[in-house]
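Shown next: protein.cif, given as mmCIF, C-alpha atoms.
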data_structure
#
loop_
_atom_site.group_PDB
_atom_site.id
_atom_site.type_symbol
_atom_site.label_atom_id
_atom_site.label_comp_id
_atom_site.auth_asym_id
_atom_site.auth_seq_id
_atom_site.Cartn_x
_atom_site.Cartn_y
_atom_site.Cartn_z
ATOM 1 C CA MET A 1 11.563 10.389 25.450
ATOM 2 C CA LYS A 2 12.129 7.433 23.133
ATOM 3 C CA THR A 3 12.857 5.076 26.022
ATOM 4 C CA GLU A 4 9.927 6.287 28.129
ATOM 5 C CA ILE A 5 7.506 5.886 25.221
ATOM 6 C CA ALA A 6 8.982 2.456 24.479
ATOM 7 C CA LYS A 7 8.478 1.305 28.066
ATOM 8 C CA GLY A 8 4.947 2.689 28.033
ATOM 9 C CA LEU A 9 4.034 0.767 24.869
ATOM 10 C CA LEU A 10 5.547 -2.429 26.269
ATOM 11 C CA SER A 11 3.710 -2.018 29.584
ATOM 12 C CA ILE A 12 0.285 -2.063 27.911
ATOM 13 C CA GLY A 13 1.098 -4.708 25.295
ATOM 14 C CA ALA A 14 0.851 -2.258 22.389
ATOM 15 C CA VAL A 15 4.183 -3.637 21.201
ATOM 16 C CA PHE A 16 5.132 -7.165 22.088
ATOM 17 C CA PHE A 17 7.817 -9.574 20.976
ATOM 18 C CA ARG A 18 7.691 -13.271 20.149
ATOM 19 C CA PRO A 19 11.047 -14.093 18.540
ATOM 20 C CA ASP A 20 10.679 -17.849 19.014
ATOM 21 C CA GLU A 21 7.123 -17.956 17.605
ATOM 22 C CA PRO A 22 7.023 -15.229 14.931
ATOM 23 C CA PHE A 23 3.874 -13.589 13.684
ATOM 24 C CA THR A 24 3.027 -13.643 9.976
ATOM 25 C CA TRP A 25 2.228 -10.323 8.293
ATOM 26 C CA ALA A 26 -0.327 -10.027 5.488
ATOM 27 C CA SER A 27 2.625 -9.893 3.063
ATOM 28 C CA GLY A 28 3.751 -13.315 4.282
ATOM 29 C CA ILE A 29 6.820 -11.951 6.063
ATOM 30 C CA LYS A 30 7.482 -13.537 9.437
ATOM 31 C CA SER A 31 8.025 -10.996 12.202
ATOM 32 C CA PRO A 32 9.215 -11.311 15.823
ATOM 33 C CA VAL A 33 7.194 -8.264 16.837
ATOM 34 C CA TYR A 34 3.571 -7.180 16.707
ATOM 35 C CA CYS A 35 2.411 -3.600 17.163
ATOM 36 C CA ASP A 36 -1.130 -2.526 18.061
ATOM 37 C CA ASN A 37 -1.025 1.142 18.992
ATOM 38 C CA ARG A 38 -4.820 1.247 19.227
ATOM 39 C CA LEU A 39 -4.337 -0.042 22.768
ATOM 40 C CA ILE A 40 -2.860 3.355 23.664
ATOM 41 C CA LEU A 41 -6.366 4.817 23.608
ATOM 42 C CA THR A 42 -7.529 2.456 26.364
ATOM 43 C CA ALA A 43 -4.620 3.234 28.716
ATOM 44 C CA PRO A 44 -5.074 6.809 30.022
ATOM 45 C CA ALA A 45 -1.603 7.302 31.534
ATOM 46 C CA VAL A 46 0.241 6.077 28.444
ATOM 47 C CA ARG A 47 -2.238 7.880 26.210
ATOM 48 C CA ASP A 48 -1.517 11.204 27.945
ATOM 49 C CA MET A 49 2.220 10.636 27.579
ATOM 50 C CA VAL A 50 1.948 9.746 23.885
ATOM 51 C CA GLU A 51 -0.445 12.538 22.886
ATOM 52 C CA ASN A 52 1.561 15.202 24.693
ATOM 53 C CA ALA A 53 4.714 13.861 23.035
ATOM 54 C CA ILE A 54 3.043 14.069 19.619
ATOM 55 C CA ALA A 55 1.979 17.657 20.298
ATOM 56 C CA GLU A 56 5.431 18.638 21.558
ATOM 57 C CA THR A 57 7.078 17.006 18.539
ATOM 58 C CA VAL A 58 4.830 18.838 16.076
ATOM 59 C CA LYS A 59 5.520 22.139 17.835
ATOM 60 C CA ARG A 60 9.285 21.540 17.929
ATOM 61 C CA GLU A 61 9.900 19.948 14.535
ATOM 62 C CA PHE A 62 7.187 21.561 12.420
ATOM 63 C CA PRO A 63 6.390 24.954 13.980
ATOM 64 C CA GLU A 64 4.730 26.197 10.786
ATOM 65 C CA CYS A 65 2.076 23.472 10.929
ATOM 66 C CA GLN A 66 -1.480 24.700 10.333
ATOM 67 C CA VAL A 67 -3.414 21.411 10.140
ATOM 68 C CA LEU A 68 -2.955 17.863 11.437
ATOM 69 C CA MET A 69 -4.092 15.026 9.204
ATOM 70 C CA GLY A 70 -4.446 11.520 10.613
ATOM 71 C CA THR A 71 -4.052 8.346 8.629
ATOM 72 C CA SER A 72 -7.117 6.132 8.449
ATOM 73 C CA THR A 73 -7.938 4.616 10.767
ATOM 74 C CA ALA A 74 -5.247 4.298 13.422
ATOM 75 C CA GLY A 75 -3.955 7.863 13.178
ATOM 76 C CA ILE A 76 -7.325 9.596 13.463
ATOM 77 C CA ALA A 77 -7.734 9.638 17.246
ATOM 78 C CA HIS A 78 -4.106 10.649 17.801
ATOM 79 C CA ALA A 79 -4.455 13.549 15.363
ATOM 80 C CA ALA A 80 -7.660 14.646 17.082
ATOM 81 C CA ILE A 81 -6.184 14.603 20.599
ATOM 82 C CA ALA A 82 -2.909 16.249 19.584
ATOM 83 C CA GLY A 83 -4.854 18.824 17.582
ATOM 84 C CA HIS A 84 -6.892 19.635 20.690
ATOM 85 C CA ILE A 85 -3.717 20.088 22.752
ATOM 86 C CA LEU A 86 -2.188 22.356 20.113
ATOM 87 C CA GLY A 87 -5.364 24.228 19.249
ATOM 88 C CA LEU A 88 -5.019 23.153 15.616
ATOM 89 C CA PRO A 89 -7.650 21.901 13.184
ATOM 90 C CA MET A 90 -7.468 18.250 12.156
ATOM 91 C CA GLY A 91 -8.862 15.911 9.587
ATOM 92 C CA TYR A 92 -8.028 12.532 8.172
ATOM 93 C CA VAL A 93 -7.359 10.808 4.893
ATOM 94 C CA ARG A 94 -9.271 7.698 3.894
ATOM 95 C CA SER A 95 -7.589 4.754 2.198
ATOM 96 C CA GLY A 96 -9.864 5.475 -0.775
ATOM 97 C CA ASN A 97 -12.751 7.741 -1.754
ATOM 98 C CA LYS A 98 -16.122 7.135 -0.114
ATOM 99 C CA ASP A 99 -18.584 5.380 -2.412
ATOM 100 C CA HIS A 100 -21.461 7.623 -1.349
ATOM 101 C CA GLY A 101 -22.315 11.213 -0.400
ATOM 102 C CA ARG A 102 -19.626 13.667 -1.487
ATOM 103 C CA ARG A 103 -17.206 10.790 -2.182
ATOM 104 C CA ASN A 104 -14.531 12.495 -0.105
ATOM 105 C CA ARG A 105 -11.163 10.987 0.490
ATOM 106 C CA ILE A 106 -9.934 13.822 2.711
ATOM 107 C CA GLU A 107 -12.279 14.485 5.627
ATOM 108 C CA GLY A 108 -12.186 17.887 7.289
ATOM 109 C CA LYS A 109 -11.592 21.346 5.879
ATOM 110 C CA LEU A 110 -8.335 21.699 3.967
ATOM 111 C CA GLU A 111 -7.405 24.751 1.923
ATOM 112 C CA ALA A 112 -4.876 24.644 -0.908
ATOM 113 C CA GLY A 113 -1.512 25.846 0.333
ATOM 114 C CA GLU A 114 -2.072 24.939 3.990
ATOM 115 C CA LYS A 115 0.881 23.419 5.807
ATOM 116 C CA VAL A 116 0.055 19.926 7.021
ATOM 117 C CA VAL A 117 1.684 17.369 9.314
ATOM 118 C CA ILE A 118 0.566 13.744 8.960
ATOM 119 C CA ILE A 119 -0.044 11.797 12.182
ATOM 120 C CA GLU A 120 0.638 8.073 11.801
ATOM 121 C CA ASP A 121 0.661 5.313 14.409
ATOM 122 C CA LEU A 122 3.432 3.166 12.923
ATOM 123 C CA ILE A 123 5.653 2.978 9.858
ATOM 124 C CA SER A 124 7.195 -0.165 8.362
ATOM 125 C CA THR A 125 7.657 0.039 4.590
ATOM 126 C CA ALA A 126 5.919 3.472 4.512
ATOM 127 C CA GLY A 127 3.521 2.576 1.698
ATOM 128 C CA SER A 128 0.308 3.728 3.391
ATOM 129 C CA VAL A 129 1.679 7.017 4.716
ATOM 130 C CA LEU A 130 3.148 7.872 1.307
ATOM 131 C CA ASP A 131 -0.273 7.264 -0.231
ATOM 132 C CA VAL A 132 -1.753 9.724 2.280
ATOM 133 C CA ALA A 133 0.927 12.303 1.486
ATOM 134 C CA ASP A 134 0.194 11.952 -2.239
ATOM 135 C CA ALA A 135 -3.520 12.562 -1.653
ATOM 136 C CA LEU A 136 -2.815 15.671 0.423
ATOM 137 C CA ARG A 137 -0.382 17.038 -2.144
ATOM 138 C CA GLU A 138 -2.894 16.428 -4.929
ATOM 139 C CA ALA A 139 -5.362 18.500 -2.901
ATOM 140 C CA GLY A 140 -2.860 21.365 -2.848
ATOM 141 C CA ALA A 141 -1.542 20.991 0.701
ATOM 142 C CA GLU A 142 2.083 21.522 1.631
ATOM 143 C CA VAL A 143 3.077 18.389 3.541
ATOM 144 C CA LEU A 144 5.736 19.403 6.066
ATOM 145 C CA GLY A 145 6.364 15.885 7.305
ATOM 146 C CA ILE A 146 5.140 13.036 9.483
ATOM 147 C CA VAL A 147 4.981 12.457 13.211
ATOM 148 C CA SER A 148 4.599 8.763 13.993
ATOM 149 C CA ILE A 149 4.403 6.907 17.274
ATOM 150 C CA PHE A 150 6.584 3.980 16.247
ATOM 151 C CA THR A 151 8.822 3.156 13.304
ATOM 152 C CA TYR A 152 10.579 -0.063 12.406
ATOM 153 C CA GLY A 153 13.389 1.835 10.671
ATOM 154 C CA MET A 154 13.360 -0.618 7.766
ATOM 155 C CA LYS A 155 15.618 0.213 4.844
ATOM 156 C CA LYS A 156 12.772 0.094 2.319
ATOM 157 C CA GLY A 157 10.676 2.512 4.340
ATOM 158 C CA LEU A 158 13.557 4.934 4.866
ATOM 159 C CA GLU A 159 14.411 4.903 1.162
ATOM 160 C CA ARG A 160 10.825 5.489 0.081
ATOM 161 C CA LEU A 161 10.398 8.411 2.461
ATOM 162 C CA ALA A 162 13.656 9.955 1.220
ATOM 163 C CA GLU A 163 12.593 9.563 -2.409
ATOM 164 C CA ALA A 164 9.293 11.300 -1.624
ATOM 165 C CA GLY A 165 11.064 14.124 0.195
ATOM 166 C CA LEU A 166 9.233 13.390 3.447
ATOM 167 C CA ARG A 167 10.733 13.647 6.907
ATOM 168 C CA ASN A 168 9.376 11.342 9.575
ATOM 169 C CA VAL A 169 9.913 11.990 13.275
ATOM 170 C CA SER A 170 8.961 9.029 15.477
ATOM 171 C CA LEU A 171 8.353 9.096 19.218
ATOM 172 C CA THR A 172 10.184 5.791 19.508
ATOM 173 C CA ASP A 173 11.636 3.119 17.260
ATOM 174 C CA PHE A 174 12.309 -0.581 16.892
ATOM 175 C CA ASP A 175 15.840 -0.494 18.261
ATOM 176 C CA THR A 176 14.801 1.463 21.370
ATOM 177 C CA ILE A 177 11.892 -0.844 22.121
ATOM 178 C CA ALA A 178 14.064 -3.948 21.630
ATOM 179 C CA ALA A 179 16.634 -2.553 24.079
ATOM 180 C CA ALA A 180 13.922 -1.628 26.595
ATOM 181 C CA ALA A 181 12.382 -5.096 26.311
ATOM 182 C CA ALA A 182 15.741 -6.708 27.082
ATOM 183 C CA GLU A 183 16.367 -4.307 29.973
ATOM 184 C CA THR A 184 13.032 -5.137 31.593
ATOM 185 C CA GLY A 185 13.438 -8.890 31.095
ATOM 186 C CA TYR A 186 10.673 -9.110 28.491
ATOM 187 C CA ILE A 187 13.091 -10.808 26.084
ATOM 188 C CA ARG A 188 16.579 -12.256 26.520
ATOM 189 C CA PRO A 189 19.503 -9.899 25.852
ATOM 190 C CA GLU A 190 20.766 -12.284 23.147
ATOM 191 C CA ASP A 191 17.444 -11.901 21.300
ATOM 192 C CA VAL A 192 18.154 -8.234 20.534
ATOM 193 C CA ARG A 193 20.662 -9.180 17.823
ATOM 194 C CA ARG A 194 18.058 -11.438 16.208
ATOM 195 C CA LEU A 195 15.499 -8.643 16.259
ATOM 196 C CA ILE A 196 17.903 -6.198 14.629
ATOM 197 C CA ALA A 197 18.696 -8.816 11.972
ATOM 198 C CA PHE A 198 14.975 -8.954 11.171
ATOM 199 C CA ARG A 199 14.792 -5.151 11.030
ATOM 200 C CA ASP A 200 17.765 -4.987 8.645
ATOM 201 C CA ASP A 201 16.355 -7.589 6.233
ATOM 202 C CA PRO A 202 12.798 -8.838 6.891
ATOM 203 C CA SER A 203 12.970 -11.238 3.934
ATOM 204 C CA ASP A 204 15.900 -13.134 5.487
ATOM 205 C CA GLU A 205 14.446 -15.590 7.992
ATOM 206 C CA SER A 206 17.742 -16.943 9.288
ATOM 207 C CA TRP A 207 17.153 -15.094 12.605
ATOM 208 C CA ILE A 208 14.312 -17.520 13.408
ATOM 209 C CA GLY A 209 15.235 -20.254 15.852
ATOM 210 C CA GLY A 210 18.165 -18.391 17.317
ATOM 211 C CA ALA A 211 20.389 -18.645 14.218
ATOM 212 C CA ARG A 212 21.534 -15.110 14.926
#
Is it possible to give me this structure as structure tokens?
Amino acid sequence: MKTEIAKGLLSIGAVFFRPDEPFTWASGIKSPVYCDNRLILTAPAVRDMVENAIAETVKREFPECQVLMGTSTAGIAHAAIAGHILGLPMGYVRSGNKDHGRRNRIEGKLEAGEKVVIIEDLISTAGSVLDVADALREAGAEVLGIVSIFTYGMKKGLERLAEAGLRNVSLTDFDTIAAAAAETGYIRPEDVRRLIAFRDDPSDESWIGGAR
């Protein structure tokens, strides 16, 4: 499944690599890869594959799940579609409380004690998804874990998830997509080592320019 999802994301440009001309993240870190999983929603064949994989993963890994909660905003549509497939209720968690109306942060009905799975589109350092988990736990939910479409597998993210006692199951990951990109001729085989060097230590820019 990981390889098929990876090839699907590459085919629609949801994940694309530029190791010789890196992108710059908001944090200032230079990255050889850019991920825009919102494009999944505009590609019906890949969308069907991804949403069914999310549903199957929830059913297999978290069979006790009672509610899906999407991260705002990228996880909302995926939680809604997977929830429809599974026949489960869904909601989503805002990045902060609304400044009007009921000032909700969690949208959708959620009862204390309900078992929740968070649906996230991608995980790098895991900061945003941990914030969502904290909000759900404060509301009394039992957070079973996370199902994400793509994860970088960065050390910082893995450590933070472990510290929070959260298990993340991703449909695909950085290493799989890098290998698939090399296999399909998207990038050169020798670039894979550079990409993994970035994944292992994003603050070390020695991979840029082919140093690795």
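Closest to Ser72 (chain A) among A:Leu110, A:Ala26, A:Ala178, A:Val132 is A:Val132, based on only C-alpha atoms.
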Legend entry - Residue members of the PyMOL selection byres ((chain A and resi 194) around 10) in the file shown, as JSON, numbers by chain: {"A": [19, 32, 189, 190, 191, 192, 193, 195, 196, 197, 198, 199, 200, 205, 206, 207, 208, 209, 210, 211, 212]}
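Pairwise distance (CA of Arg47 (chain A), CA of Gly75 (chain A)) equals 13.1 Å.
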Legend entry - Which residue of A:Pro89, A:Pro202, A:Gly127, A:Gly165 approaches Lys109 (chain A) most closely, using only C-alpha atoms: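 Of the candidates, the smallest distance to Lys109 (chain A) is held by A:Pro89.
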Inset, instruction - Can you pull out every residue within 12 Å of Ser203 (chain A), counting all atoms listed in the file, but drop anything in the same chain fewer than 6 positions away, and send it as a PyMOL selection string? - result: chain A and resi 24-25+27-31+154-156+197
Inset, instruction - Compile the contact shell of Ala43 (chain A) as a list in words: residues with an atom at most 12 Å away, counting all atoms listed in the file, same-chain residues fewer than 5 positions apart removed. - result: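 Using all atoms listed in the file, the neighbours found are Gly8, Leu9, Leu10, Ser11, Ile12, Gly13, Ala14, Asn37, Arg38, Asp48, Met49, Val50 and Glu51 of chain A.
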Legend entry - Counting all atoms listed in the file, the option among A:Leu130, A:Ala135, A:Met69, A:Ile123 closest to Thr151 (chain A): A:Ile123
Legend entry - For Ala53 (chain A), the nearest of the candidates A:Glu4, A:Asp204, A:Glu138, A:Glu107, counting only C-alpha atoms: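 Between A:Glu4, A:Asp204, A:Glu138, A:Glu107, the residue approaching Ala53 (chain A) most closely is A:Glu4.
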Padding of 4 Å on every side, edges along x, y and z, all listed atoms of region 168-184 of chain A included: what centre and edge lengths in Å, to one decimal, does that box have, as lines of an AutoDock Vina configuration file?
center_x = 12.5
center_y = 2.6
center_z = 20.6
size_x = 16.3
size_y = 26.7
size_z = 30.0
Inset, instruction - Starting from the displayed file, determine the output of the PyMOL selection byres ((chain A and resi 35) around 8) and express the residue list as a ChimeraX atom specification. - result: /A:14-16,33-34,36-37
Legend entry - For CA of Gly157 (chain A) and CA of Thr71 (chain A), the interatomic separation in Å (one decimal):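 One can read the CA of Gly157 (chain A) to CA of Thr71 (chain A) distance as 16.4 Å.
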Inset, instruction - Translate the PyMOL selection byres ((chain A and resi 111) around 10), as applied to the file shown, into an explicit residue set as a ChimeraX atom specification. - result: /A:67,108-110,112-115,139-141
Inset, instruction - Go ahead and compute the interatomic distance for CA of Leu166 (chain A) and CA of Ile146 (chain A), in Å to one decimal. - result: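 Calculated distance between CA of Leu166 (chain A) and CA of Ile146 (chain A) is 7.3 Å.
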Legend entry - For Val58 (chain A), the nearest of the candidates A:Glu21, A:Asn104, A:Ala82, A:Val129, counting all atoms listed in the file: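 Among the listed residues, A:Ala82 lies closest to Val58 (chain A).
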Legend entry - Nearest-residue call for Val116 (chain A), choices A:Thr57, A:Gln66, A:Ser128, A:Thr42, using all atoms listed in the file: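 Checking each of A:Thr57, A:Gln66, A:Ser128, A:Thr42 against Val116 (chain A), counting all atoms listed in the file, the winner is A:Gln66.
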